[in-house]
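Student: Next up, upload.pdb (PDB, C-alpha atoms, pLDDT in the B column).
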```pdb
ATOM      1  CA  MET A   1      77.864 -71.185  65.331  1.00 48.00           C
ATOM      2  CA  SER A   2      76.655 -74.164  63.427  1.00 53.00           C
ATOM      3  CA  LYS A   3      74.210 -72.284  61.208  1.00 68.00           C
ATOM      4  CA  ASP A   4      75.342 -71.078  57.837  1.00 69.00           C
ATOM      5  CA  ILE A   5      75.352 -67.369  57.037  1.00 62.00           C
ATOM      6  CA  ALA A   6      72.197 -67.467  54.898  1.00 68.00           C
ATOM      7  CA  THR A   7      70.169 -68.974  57.732  1.00 73.00           C
ATOM      8  CA  ARG A   8      71.478 -66.431  60.232  1.00 67.00           C
ATOM      9  CA  VAL A   9      70.721 -63.520  57.902  1.00 66.00           C
ATOM     10  CA  THR A  10      67.219 -64.798  57.185  1.00 72.00           C
ATOM     11  CA  THR A  11      66.553 -65.267  60.892  1.00 73.00           C
ATOM     12  CA  GLY A  12      67.857 -61.756  61.633  1.00 70.00           C
ATOM     13  CA  VAL A  13      65.679 -60.148  58.964  1.00 72.00           C
ATOM     14  CA  GLN A  14      62.620 -62.012  60.212  1.00 74.00           C
ATOM     15  CA  ALA A  15      63.375 -60.867  63.752  1.00 74.00           C
ATOM     16  CA  LEU A  16      63.643 -57.240  62.590  1.00 75.00           C
ATOM     17  CA  VAL A  17      60.287 -57.419  60.817  1.00 73.00           C
ATOM     18  CA  LEU A  18      58.339 -58.570  63.865  1.00 74.00           C
ATOM     19  CA  PRO A  19      58.145 -55.836  66.518  1.00 72.00           C
ATOM     20  CA  GLY A  20      57.982 -58.300  69.415  1.00 74.00           C
ATOM     21  CA  GLN A  21      61.148 -60.107  68.370  1.00 80.00           C
ATOM     22  CA  ARG A  22      63.098 -57.001  67.372  1.00 80.00           C
ATOM     23  CA  GLU A  23      64.056 -56.053  70.923  1.00 82.00           C
ATOM     24  CA  GLY A  24      65.048 -59.624  71.770  1.00 83.00           C
ATOM     25  CA  TRP A  25      67.255 -59.913  68.690  1.00 82.00           C
ATOM     26  CA  GLN A  26      68.841 -56.559  69.468  1.00 84.00           C
ATOM     27  CA  ALA A  27      69.524 -57.461  73.106  1.00 86.00           C
ATOM     28  CA  GLN A  28      70.902 -60.892  72.210  1.00 86.00           C
ATOM     29  CA  HIS A  29      73.363 -59.681  69.578  1.00 85.00           C
ATOM     30  CA  ARG A  30      74.336 -56.540  71.436  1.00 89.00           C
ATOM     31  CA  GLY A  31      74.962 -58.584  74.572  1.00 90.00           C
ATOM     32  CA  SER A  32      77.118 -61.143  72.769  1.00 89.00           C
ATOM     33  CA  LEU A  33      79.213 -58.392  71.173  1.00 91.00           C
ATOM     34  CA  LEU A  34      79.719 -56.581  74.487  1.00 93.00           C
ATOM     35  CA  THR A  35      80.633 -59.876  76.166  1.00 93.00           C
ATOM     36  CA  ASP A  36      83.218 -60.513  73.451  1.00 92.00           C
ATOM     37  CA  ALA A  37      84.606 -56.996  73.953  1.00 95.00           C
ATOM     38  CA  GLN A  38      84.973 -57.591  77.698  1.00 95.00           C
ATOM     39  CA  THR A  39      86.683 -60.927  77.015  1.00 95.00           C
ATOM     40  CA  TYR A  40      89.161 -59.279  74.642  1.00 95.00           C
ATOM     41  CA  ASP A  41      89.887 -56.539  77.185  1.00 95.00           C
ATOM     42  CA  ALA A  42      90.466 -59.102  79.958  1.00 95.00           C
ATOM     43  CA  LEU A  43      92.749 -61.137  77.694  1.00 95.00           C
ATOM     44  CA  ALA A  44      94.657 -58.001  76.712  1.00 95.00           C
ATOM     45  CA  ASP A  45      95.086 -57.048  80.389  1.00 94.00           C
ATOM     46  CA  ALA A  46      96.456 -60.508  81.227  1.00 94.00           C
ATOM     47  CA  ILE A  47      98.865 -60.565  78.287  1.00 92.00           C
ATOM     48  CA  GLN A  48     100.017 -57.009  78.994  1.00 92.00           C
ATOM     49  CA  ALA A  49     100.710 -57.817  82.658  1.00 91.00           C
ATOM     50  CA  ASP A  50     102.677 -60.937  81.669  1.00 89.00           C
ATOM     51  CA  LEU A  51     104.727 -59.077  79.067  1.00 85.00           C
ATOM     52  CA  LYS A  52     105.493 -56.213  81.491  1.00 83.00           C
ATOM     53  CA  ALA A  53     106.962 -58.730  83.914  1.00 81.00           C
ATOM     54  CA  ARG A  54     109.384 -60.111  81.293  1.00 76.00           C
ATOM     55  CA  ARG A  55     112.515 -58.010  81.243  1.00 76.00           C
ATOM     56  CA  LEU A  56     115.050 -58.337  78.482  1.00 75.00           C
ATOM     57  CA  ASP A  57     118.727 -57.450  78.503  1.00 74.00           C
ATOM     58  CA  GLY A  58     119.221 -53.883  77.387  1.00 71.00           C
ATOM     59  CA  ASP A  59     115.819 -52.599  78.617  1.00 72.00           C
ATOM     60  CA  LEU A  60     115.624 -49.158  80.153  1.00 69.00           C
ATOM     61  CA  PRO A  61     115.304 -49.014  83.920  1.00 71.00           C
ATOM     62  CA  TRP A  62     111.959 -49.096  85.763  1.00 67.00           C
ATOM     63  CA  GLY A  63     110.384 -51.303  83.111  1.00 64.00           C
ATOM     64  CA  ILE A  64     109.702 -48.551  80.586  1.00 74.00           C
ATOM     65  CA  SER A  65     110.788 -50.667  77.610  1.00 82.00           C
ATOM     66  CA  ALA A  66     108.829 -53.714  78.786  1.00 81.00           C
ATOM     67  CA  ALA A  67     105.675 -51.643  79.279  1.00 81.00           C
ATOM     68  CA  ALA A  68     105.967 -50.092  75.804  1.00 84.00           C
ATOM     69  CA  ARG A  69     106.596 -53.506  74.261  1.00 85.00           C
ATOM     70  CA  ALA A  70     103.574 -54.952  76.100  1.00 86.00           C
ATOM     71  CA  ARG A  71     101.283 -52.131  74.940  1.00 89.00           C
ATOM     72  CA  LYS A  72     102.430 -52.662  71.374  1.00 90.00           C
ATOM     73  CA  ARG A  73     101.665 -56.399  71.518  1.00 90.00           C
ATOM     74  CA  VAL A  74      98.142 -56.048  72.983  1.00 94.00           C
ATOM     75  CA  LYS A  75      97.067 -53.201  70.718  1.00 95.00           C
ATOM     76  CA  PRO A  76      95.332 -55.557  68.214  1.00 94.00           C
ATOM     77  CA  LEU A  77      93.258 -57.024  71.060  1.00 94.00           C
ATOM     78  CA  ARG A  78      92.311 -53.550  72.306  1.00 95.00           C
ATOM     79  CA  ASP A  79      91.352 -52.584  68.746  1.00 96.00           C
ATOM     80  CA  ALA A  80      89.215 -55.717  68.456  1.00 95.00           C
ATOM     81  CA  ALA A  81      87.428 -54.882  71.714  1.00 96.00           C
ATOM     82  CA  ARG A  82      86.828 -51.328  70.485  1.00 96.00           C
ATOM     83  CA  ALA A  83      85.451 -52.715  67.206  1.00 95.00           C
ATOM     84  CA  MET A  84      83.072 -54.996  69.133  1.00 94.00           C
ATOM     85  CA  ARG A  85      81.725 -52.025  71.085  1.00 94.00           C
ATOM     86  CA  ALA A  86      81.288 -50.096  67.832  1.00 94.00           C
ATOM     87  CA  ALA A  87      79.434 -53.081  66.346  1.00 92.00           C
ATOM     88  CA  ALA A  88      77.101 -53.131  69.366  1.00 91.00           C
ATOM     89  CA  LYS A  89      76.320 -49.463  68.788  1.00 90.00           C
ATOM     90  CA  ALA A  90      75.771 -50.195  65.113  1.00 89.00           C
ATOM     91  CA  ILE A  91      73.174 -52.822  66.019  1.00 87.00           C
ATOM     92  CA  ASN A  92      71.268 -50.189  67.986  1.00 84.00           C
ATOM     93  CA  GLY A  93      71.505 -47.834  65.012  1.00 84.00           C
ATOM     94  CA  THR A  94      70.382 -50.532  62.601  1.00 82.00           C
ATOM     95  CA  VAL A  95      67.295 -51.354  64.648  1.00 81.00           C
ATOM     96  CA  ALA A  96      66.468 -47.647  65.012  1.00 79.00           C
ATOM     97  CA  ALA A  97      66.898 -47.075  61.266  1.00 79.00           C
ATOM     98  CA  TYR A  98      64.718 -50.092  60.513  1.00 78.00           C
ATOM     99  CA  GLU A  99      62.002 -48.718  62.804  1.00 76.00           C
ATOM    100  CA  GLU A 100      62.254 -45.335  61.068  1.00 76.00           C
ATOM    101  CA  THR A 101      61.513 -46.909  57.678  1.00 76.00           C
ATOM    102  CA  GLN A 102      58.302 -48.621  58.744  1.00 75.00           C
ATOM    103  CA  PRO A 103      55.506 -47.494  56.378  1.00 78.00           C
ATOM    104  CA  GLU A 104      53.317 -46.159  59.204  1.00 82.00           C
ATOM    105  CA  VAL A 105      56.165 -44.097  60.650  1.00 79.00           C
ATOM    106  CA  VAL A 106      57.140 -42.714  57.241  1.00 80.00           C
ATOM    107  CA  LEU A 107      53.526 -41.789  56.442  1.00 86.00           C
ATOM    108  CA  GLN A 108      53.028 -40.076  59.800  1.00 89.00           C
ATOM    109  CA  ARG A 109      56.280 -38.137  59.446  1.00 87.00           C
ATOM    110  CA  ARG A 110      55.316 -36.953  55.940  1.00 88.00           C
ATOM    111  CA  GLU A 111      51.918 -35.780  57.170  1.00 92.00           C
ATOM    112  CA  GLU A 112      53.516 -33.856  60.045  1.00 93.00           C
ATOM    113  CA  LYS A 113      56.007 -32.282  57.639  1.00 92.00           C
ATOM    114  CA  ALA A 114      53.226 -31.218  55.232  1.00 92.00           C
ATOM    115  CA  LEU A 115      51.252 -29.733  58.143  1.00 93.00           C
ATOM    116  CA  ARG A 116      54.280 -27.762  59.385  1.00 93.00           C
ATOM    117  CA  LYS A 117      54.924 -26.527  55.840  1.00 93.00           C
ATOM    118  CA  ALA A 118      51.317 -25.348  55.450  1.00 91.00           C
ATOM    119  CA  GLN A 119      51.441 -23.559  58.810  1.00 91.00           C
ATOM    120  CA  ARG A 120      54.718 -21.856  57.913  1.00 90.00           C
ATOM    121  CA  LYS A 121      53.320 -20.795  54.540  1.00 89.00           C
ATOM    122  CA  GLN A 122      50.199 -19.393  56.196  1.00 88.00           C
ATOM    123  CA  GLN A 123      52.289 -17.452  58.730  1.00 87.00           C
ATOM    124  CA  LEU A 124      54.458 -15.998  55.964  1.00 85.00           C
ATOM    125  CA  GLY A 125      51.357 -14.992  53.991  1.00 84.00           C
ATOM    126  CA  ALA A 126      49.869 -13.289  57.054  1.00 84.00           C
ATOM    127  CA  ALA A 127      53.143 -11.497  57.778  1.00 84.00           C
ATOM    128  CA  ALA A 128      53.383 -10.265  54.169  1.00 83.00           C
ATOM    129  CA  HIS A 129      49.771  -9.059  54.256  1.00 80.00           C
ATOM    130  CA  ASN A 130      50.328  -7.238  57.561  1.00 80.00           C
ATOM    131  CA  SER A 131      53.495  -5.663  56.220  1.00 81.00           C
ATOM    132  CA  ALA A 132      51.729  -4.435  53.101  1.00 76.00           C
ATOM    133  CA  GLN A 133      48.897  -2.991  55.187  1.00 77.00           C
ATOM    134  CA  ALA A 134      51.338  -1.213  57.490  1.00 74.00           C
ATOM    135  CA  THR A 135      53.146   0.283  54.496  1.00 75.00           C
ATOM    136  CA  LEU A 136      49.863   1.588  53.057  1.00 70.00           C
ATOM    137  CA  GLN A 137      48.933   3.082  56.428  1.00 70.00           C
ATOM    138  CA  ARG A 138      52.248   4.917  56.635  1.00 70.00           C
ATOM    139  CA  LEU A 139      52.021   6.278  53.108  1.00 71.00           C
ATOM    140  CA  ALA A 140      48.416   7.445  53.362  1.00 66.00           C
ATOM    141  CA  PRO A 141      47.291   7.905  56.966  1.00 54.00           C
ATOM    142  CA  ALA A 142      43.507   7.936  57.397  1.00 51.00           C
ATOM    143  CA  ASP A 143      43.445  10.376  60.317  1.00 56.00           C
ATOM    144  CA  SER A 144      44.955  13.364  58.501  1.00 52.00           C
ATOM    145  CA  ASP A 145      42.979  16.627  58.239  1.00 56.00           C
ATOM    146  CA  ASP A 146      43.828  17.572  54.699  1.00 53.00           C
ATOM    147  CA  GLY A 147      42.354  14.719  52.679  1.00 54.00           C
ATOM    148  CA  GLN A 148      41.138  11.225  52.392  1.00 58.00           C
ATOM    149  CA  ALA A 149      43.186   8.143  53.092  1.00 57.00           C
ATOM    150  CA  GLY A 150      45.008   6.989  50.029  1.00 57.00           C
ATOM    151  CA  ALA A 151      44.967  10.379  48.319  1.00 58.00           C
ATOM    152  CA  PRO A 152      48.257  11.252  46.637  1.00 54.00           C
ATOM    153  CA  LYS A 153      50.439  13.623  48.641  1.00 61.00           C
ATOM    154  CA  LEU A 154      53.475  15.680  47.936  1.00 64.00           C
ATOM    155  CA  LEU A 155      56.598  15.627  50.033  1.00 65.00           C
ATOM    156  CA  GLY A 156      55.953  19.217  51.105  1.00 63.00           C
ATOM    157  CA  ASP A 157      52.628  18.200  52.679  1.00 62.00           C
ATOM    158  CA  TYR A 158      54.535  16.400  55.424  1.00 63.00           C
ATOM    159  CA  PHE A 159      56.631  19.454  56.415  1.00 65.00           C
ATOM    160  CA  GLY A 160      54.001  21.950  57.414  1.00 61.00           C
ATOM    161  CA  GLY A 161      51.559  24.349  55.818  1.00 58.00           C
ATOM    162  CA  ASN A 162      52.127  26.682  52.853  1.00 57.00           C
ATOM    163  CA  ASN A 163      51.632  29.914  54.883  1.00 56.00           C
ATOM    164  CA  ARG A 164      55.021  29.760  56.602  1.00 56.00           C
ATOM    165  CA  GLN A 165      57.640  32.217  55.541  1.00 58.00           C
ATOM    166  CA  GLN A 166      60.410  30.768  53.455  1.00 58.00           C
ATOM    167  CA  ARG A 167      63.893  31.073  54.874  1.00 61.00           C
ATOM    168  CA  GLY A 168      66.230  33.276  53.034  1.00 58.00           C
ATOM    169  CA  ALA A 169      63.442  35.147  51.281  1.00 52.00           C
TER     170      ALA A 169
END
```
Do you think you could lay out the structure here as structure tokens?
Tutor:
Amino acid sequence: MSKDIATRVTTGVQALVLPGQREGWQAQHRGSLLTDAQTYDALADAIQADLKARRLDGDLPWGISAAARARKRVKPLRDAARAMRAAAKAINGTVAAYEETQPEVVLQRREEKALRKAQRKQQLGAAAHNSAQATLQRLAPADSDDGQAGAPKLLGDYFGGNNRQQRGA
């Protein structure tokens, strides 16, 4: 590339700011990184095949030593190809993160969060109110014959009338 780093960075930032150019910038850079990764893999395959074919004196039979030596020599190329694929994924993540920090998106997300919080708070308040009402209903039932709802009762009032004969007496 003939452009200096400052020019490339400025161009990239400008492309991220404009929604129409964002996808083009992403596709261009992602494509170049994936192409580089494929090139490194193809080069590694060619070098590995060449090194497997070269046998040295003292190698184990069936080419085991040559294959291990070849894998060891092409590992940096395989790592570079893997790094290029990771960089392509990072470009996708960078564009997605940039879109997430747009002021309109952030404002909309905050409004949705505040709405969900208010709804949850309202549901909890209703549940607490219903629970309190149910507790009051259980403690002082309104349909009892011996008094009004909410009137204080004794524990013995729940176990029958006073005219029953006591056991053991």
Student: Hey, which of A:Gln102, A:Gln137, A:Gln123, A:Ser131 ends up closest to Pro19 in chain A? Count all atoms listed in the file.
Tutor: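 Under the stated criterion, the closest residue is A:Gln102.
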Student: So which one's closest to Asp41 in chain A, A:Asp79, A:Asp57, A:Glu111, A:Glu23? Using all atoms listed in the file, please.
Tutor: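 Checking each of A:Asp79, A:Asp57, A:Glu111, A:Glu23 against Asp41 in chain A, counting all atoms listed in the file, the winner is A:Asp79.
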Student: List every protein, DNA or RNA residue with an atom no more than 9 Å from (110.2, -55.0, 80.6) in the file's coordinates, counting only C-alpha atoms, and format the result as a PyMOL selection string.
Tutor: chain A and resi 51-56+59-70
Student: If we count only C-alpha atoms and set the cut-off at 12 Å, which residues sit around Met84 in chain A, ignoring sequence neighbours fewer than 4 positions away in its own chain? Please answer as a VMD selection string.
Tutor: chain A and resid 29 to 41 77 to 80 88 to 91
Student: Can you tell me which residues surround Val13 in chain A at a distance of at most 12 Å, considering only C-alpha atoms, apart from same-chain residues fewer than 3 positions away, and format the answer as a VMD selection string?
Tutor: chain A and resid 6 to 10 16 to 19 21 to 22 25 to 26 94 to 95 98
Student: Could you tell me how far CA of Ala87 in chain A lies from CA of Ala49 in chain A, in Å and to one decimal?
Tutor: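 Computing the Euclidean distance for CA of Ala87 in chain A and CA of Ala49 in chain A yields 27.2 Å.
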Student: Figure out the distance between CA of Val105 in chain A and CA of Asn92 in chain A, please, to one decimal in Å.
Tutor: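 CA of Val105 in chain A lies 17.9 Å from CA of Asn92 in chain A.
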Student: What is the distance between CA of Ala83 in chain A and CA of Asp45 in chain A, in Å to one decimal?
Tutor: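 Spanning CA of Ala83 in chain A to CA of Asp45 in chain A is a straight-line distance of 16.9 Å.
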